[in-house]
Amino acid sequence: MFSIKLLFCALLLCFTVRANSQTVHRRFEYKYSFKPPYLAQKDGSVPFWEYGGNAIASGESVRLAPSLRSQKGAIWTKQPINFDWWEVDVMFKVTGRGRIGADGLAFWYTSARGDYTGEVFGSSDRWNGLGVIFDSFDNDNKHNNPYIMAVLNDGTKVFDHKSDGSMQMLSGCLRDFRNKPFPTRARIEYYQNTLTVHFHNGMSNNEADYELCFRAENVVLPRGGHFGLSAATGGLADDHDVVHLLTSSLHSTQQAGGQQISNDEQQKLSQEYQEYQRKLDQQKEDYRKEHPDEVRDKEGEFEDWFESDGQRELRQIFQGQGQIHDVLRDLNKKVDEVIGKQMNSLSMLSAVYTHAQGQPIAAQAQQPGQAPMQMGGLPVARHDWDALVANNQIIINTIAELKGFIIEVSRKADGLAAAGGGAVSNPQFLAEMRDSLQQLQQTVSGVAQRISSPAHSAAQTSCPTPSCVGLTALIMVVTSQLVVMFLYNLYKERKEAQAKKFF
């Protein structure tokens with residue numbers, strides 16, 4: 001008895017699995033679909049669809065509601081559908097600058113087309129049919145948005161916005177569809193009174209990365225309805241773009257009826273196909289024999305369409321050589337530019353060197369009526385650079401010695417200021433000052449003798465006597481400069497000492 005019950009259960013299970021595993025045939029319905037490219041025509045219309053409100057159609061998408069406040073728009077099919085079961089794939093993007101957005105987007109299947117600026121996400125209220133709503137704003141403050149839900153209506157109910165339709169929805173799931181790197185997708189299937197919604201979160205570009213949102217059974221929808229999409233914004237605003245809507249009609253094997261054929265018919269059709277294929281090959285062979293010239297021309301034509309491996313390698317080699325030639329040509333241009341800049345720099349340095357060498361010659365006395373001495377430009381050689389570097393080093397050393405001398409003078413001045421004038425009576429200090437003044441007097445006397453010498457006067461005939469400086473004036477100028485330097489250094493040291501008190 002137990003074995004009979006077990007056998008009965010096994011048979012029942014087999015019949016159930018066979019009934020549920022019937023093949024579903026899908027047929028693409030282009031009159032109820034739209035997709036890019038060339039989604040909109042030149043006149044802005046979408047074939048087999050009508051849109052209105054604030055909706056904007058382009059070649060790549062339909063923007064139902066732009067990211068402005070209080071915008072509404074919708075798009076509906078022109079003709080009602082003529083099949084009972086269907087599957088709709090909707091690819092859309094909801095993007096906005098804010099952390100939260102509003103209001104959302106909705107997919108509709110209703111017995112009549114809705115409004116384009118309605119109260120329920122851009123469509124009409126009290127609809128008769130199905131609405132799959134993608135709600136992005138949390139009106140009831142339950143922190144359960146963005147949310148996807150299905151709402152059925154028989155044409156008498158008013159959608160409750162305050163509760164986000166939570167008491168009216170058939171089923172739903174909590175999914176985020178805003179600001180995703182890839183467009184989000186929803187696959188809505190209605191087959192044998194069962195509504196199934198799969199959702200693609202837009203985090204990858206994999207078209208098969210769907211997850212089940214919800215499944216509801218015993219759903220009865222009116223026949224011959226219209227498909228539609230709508231969106232709306234409120235105080236907050238998002239861009240609601242629909243990239244495509246692809247509709248497929250679903251047919252079971254039982255509905256297909258005569259499409260199933262037996263094994264004998266399949267074998268018969270296969271044999272007929274093989275027979276037709278053999279006859280076609282025989283006819284091609286006979287034609288080649290009767291028209292060899294045409295066949296040879298056609299074969300040569302086909303050969304010209306494709307390239308062999310050797311031709312491809314030669315083409316790649318020629319392309320590589322051409323690229324190398326272009327690179328070398330560019331390098332040659334750059335080298336020429338660098339050489340030109342160097343030649344300009346050398347010519348400028350040569351002119352400077354020539355001018356520096358020509359100044360002493362021009363300063364010398366020339367005989368009356370004698371032509372001025374011309375000096376050609378000399379190139380800048382290595383020893384000239386070495387001499388220039390040595391002169392610079394000498395100048396630097398002289399400046400360093402002068403700096404040390406100034407520091408020493410400043411130090412002695414500080415000592416005098418600290419002593420309060422008592423150091424002036426020091427014999428050693430007076431002896432140093434006397435020696436320094438004697439050396440300065442000797443130097444100035446030597447300069448005066450060289451200035452007043454006859455040889456120098458003959459060489460400098462152009463210098464008039466009244467413009468020469470006397471010894472007493474020179475000593476006074478030098479002494480005044482030293483006093484000014486001494487006072488300036490003393491003033492500077494005191495200022496620095498006062499400034500350091502603030503740190």
# chains A, B, ... in the order shown; residues from 1 in each chain; ligands from 1

call {"tool": "select_by_dssp", "arguments": {"residues": "stretch 18-96 of chain A", "states": "helix (DSSP H, G or I)", "output": "number ranges by chain"}}
result
A: 18-20, 30-32

call {"tool": "select_by_dssp", "arguments": {"residues": "stretch 141-247 of chain A", "states": "strand (DSSP E)", "output": "ChimeraX atom specification"}}
result
/A:147-154,169-174,184-191,194-200,211-217,226-232,239-247

call {"tool": "residues_around", "arguments": {"residues": "A:His240", "least_positions_apart": "5", "cutoff": "6 Å", "atoms": "only C-alpha atoms", "output": "number ranges by chain"}}
result
A: 63-65, 94

call {"tool": "closest_residue", "arguments": {"among": "A:Pro36, A:Gly59, A:Pro47, A:Gly225", "to": "A:Trp127", "atoms": "only C-alpha atoms"}}
result
A:Gly225

call {"tool": "residues_around", "arguments": {"residues": "A:Arg126", "least_positions_apart": "6", "cutoff": "8 Å", "atoms": "only C-alpha atoms", "output": "VMD selection string"}}
result
chain A and resid 153 to 159

call {"tool": "write_last_selection", "arguments": {"atoms": "all heavy atoms", "output": "PDB file, in the first residue's frame"}}
result
ATOM      1  N   ASN A 153      -5.063  49.046  -9.270  1.00  0.00           N
ATOM      2  CA  ASN A 153      -6.191  49.955  -9.092  1.00  0.00           C
ATOM      3  C   ASN A 153      -7.275  49.553 -10.080  1.00  0.00           C
ATOM      4  O   ASN A 153      -6.988  49.170 -11.237  1.00  0.00           O
ATOM      5  CB  ASN A 153      -5.760  51.408  -9.314  1.00  0.00           C
ATOM      6  CG  ASN A 153      -6.708  52.401  -8.697  1.00  0.00           C
ATOM      7  OD1 ASN A 153      -7.896  52.112  -8.483  1.00  0.00           O
ATOM      8  ND2 ASN A 153      -6.207  53.597  -8.411  1.00  0.00           N
ATOM      9  N   ASP A 154      -8.503  49.656  -9.616  1.00  0.00           N
ATOM     10  CA  ASP A 154      -9.652  49.318 -10.467  1.00  0.00           C
ATOM     11  C   ASP A 154     -10.348  50.552 -11.010  1.00  0.00           C
ATOM     12  O   ASP A 154     -11.467  50.463 -11.518  1.00  0.00           O
ATOM     13  CB  ASP A 154     -10.637  48.457  -9.689  1.00  0.00           C
ATOM     14  CG  ASP A 154     -11.105  49.126  -8.389  1.00  0.00           C
ATOM     15  OD1 ASP A 154     -10.634  50.259  -8.112  1.00  0.00           O
ATOM     16  OD2 ASP A 154     -11.902  48.515  -7.656  1.00  0.00           O
ATOM     17  N   GLY A 155      -9.727  51.702 -10.869  1.00  0.00           N
ATOM     18  CA  GLY A 155     -10.311  52.933 -11.377  1.00  0.00           C
ATOM     19  C   GLY A 155     -11.080  53.727 -10.359  1.00  0.00           C
ATOM     20  O   GLY A 155     -11.648  54.778 -10.717  1.00  0.00           O
ATOM     21  N   THR A 156     -11.113  53.283  -9.096  1.00  0.00           N
ATOM     22  CA  THR A 156     -11.891  53.972  -8.065  1.00  0.00           C
ATOM     23  C   THR A 156     -11.027  54.474  -6.910  1.00  0.00           C
ATOM     24  O   THR A 156     -11.470  55.318  -6.133  1.00  0.00           O
ATOM     25  CB  THR A 156     -12.967  53.041  -7.502  1.00  0.00           C
ATOM     26  OG1 THR A 156     -12.344  51.883  -6.930  1.00  0.00           O
ATOM     27  CG2 THR A 156     -13.926  52.604  -8.610  1.00  0.00           C
ATOM     28  N   LYS A 157      -9.819  53.981  -6.751  1.00  0.00           N
ATOM     29  CA  LYS A 157      -8.997  54.320  -5.596  1.00  0.00           C
ATOM     30  C   LYS A 157      -8.111  55.520  -5.921  1.00  0.00           C
ATOM     31  O   LYS A 157      -7.638  55.680  -7.045  1.00  0.00           O
ATOM     32  CB  LYS A 157      -8.122  53.136  -5.199  1.00  0.00           C
ATOM     33  CG  LYS A 157      -8.936  51.894  -4.837  1.00  0.00           C
ATOM     34  CD  LYS A 157      -8.010  50.718  -4.544  1.00  0.00           C
ATOM     35  CE  LYS A 157      -8.809  49.447  -4.243  1.00  0.00           C
ATOM     36  NZ  LYS A 157      -7.934  48.291  -3.999  1.00  0.00           N
ATOM     37  N   VAL A 158      -7.878  56.321  -4.865  1.00  0.00           N
ATOM     38  CA  VAL A 158      -6.999  57.483  -4.966  1.00  0.00           C
ATOM     39  C   VAL A 158      -5.671  57.128  -4.304  1.00  0.00           C
ATOM     40  O   VAL A 158      -5.649  56.589  -3.184  1.00  0.00           O
ATOM     41  CB  VAL A 158      -7.620  58.719  -4.283  1.00  0.00           C
ATOM     42  CG1 VAL A 158      -6.661  59.911  -4.358  1.00  0.00           C
ATOM     43  CG2 VAL A 158      -8.940  59.066  -4.940  1.00  0.00           C
ATOM     44  N   PHE A 159      -4.593  57.400  -4.990  1.00  0.00           N
ATOM     45  CA  PHE A 159      -3.273  57.048  -4.455  1.00  0.00           C
ATOM     46  C   PHE A 159      -2.941  57.924  -3.250  1.00  0.00           C
ATOM     47  O   PHE A 159      -3.131  59.152  -3.285  1.00  0.00           O
ATOM     48  CB  PHE A 159      -2.209  57.224  -5.548  1.00  0.00           C
ATOM     49  CG  PHE A 159      -0.828  56.798  -5.131  1.00  0.00           C
ATOM     50  CD1 PHE A 159      -0.498  55.456  -5.059  1.00  0.00           C
ATOM     51  CD2 PHE A 159       0.136  57.738  -4.795  1.00  0.00           C
ATOM     52  CE1 PHE A 159       0.768  55.050  -4.684  1.00  0.00           C
ATOM     53  CE2 PHE A 159       1.398  57.349  -4.418  1.00  0.00           C
ATOM     54  CZ  PHE A 159       1.717  55.997  -4.355  1.00  0.00           C
TER      55      PHE A 159
END

call {"tool": "residues_around", "arguments": {"residues": "A:Ala74", "least_positions_apart": "2", "cutoff": "10 Å", "atoms": "only C-alpha atoms", "output": "JSON, numbers by chain"}}
result
{"A": [50, 51, 52, 53, 54, 55, 56, 62, 63, 64, 65, 72, 76, 105, 106, 107, 114, 115, 116, 117, 118, 121, 122, 123, 228, 229, 230, 231, 232]}

call {"tool": "atom_distance", "arguments": {"atom1": "atom CA of A:Ser111", "atom2": "atom CA of A:Gln79"}}
result
11.1 Å

call {"tool": "atom_distance", "arguments": {"atom1": "atom CA of A:Glu119", "atom2": "atom CA of A:Tyr191"}}
result
29.4 Å
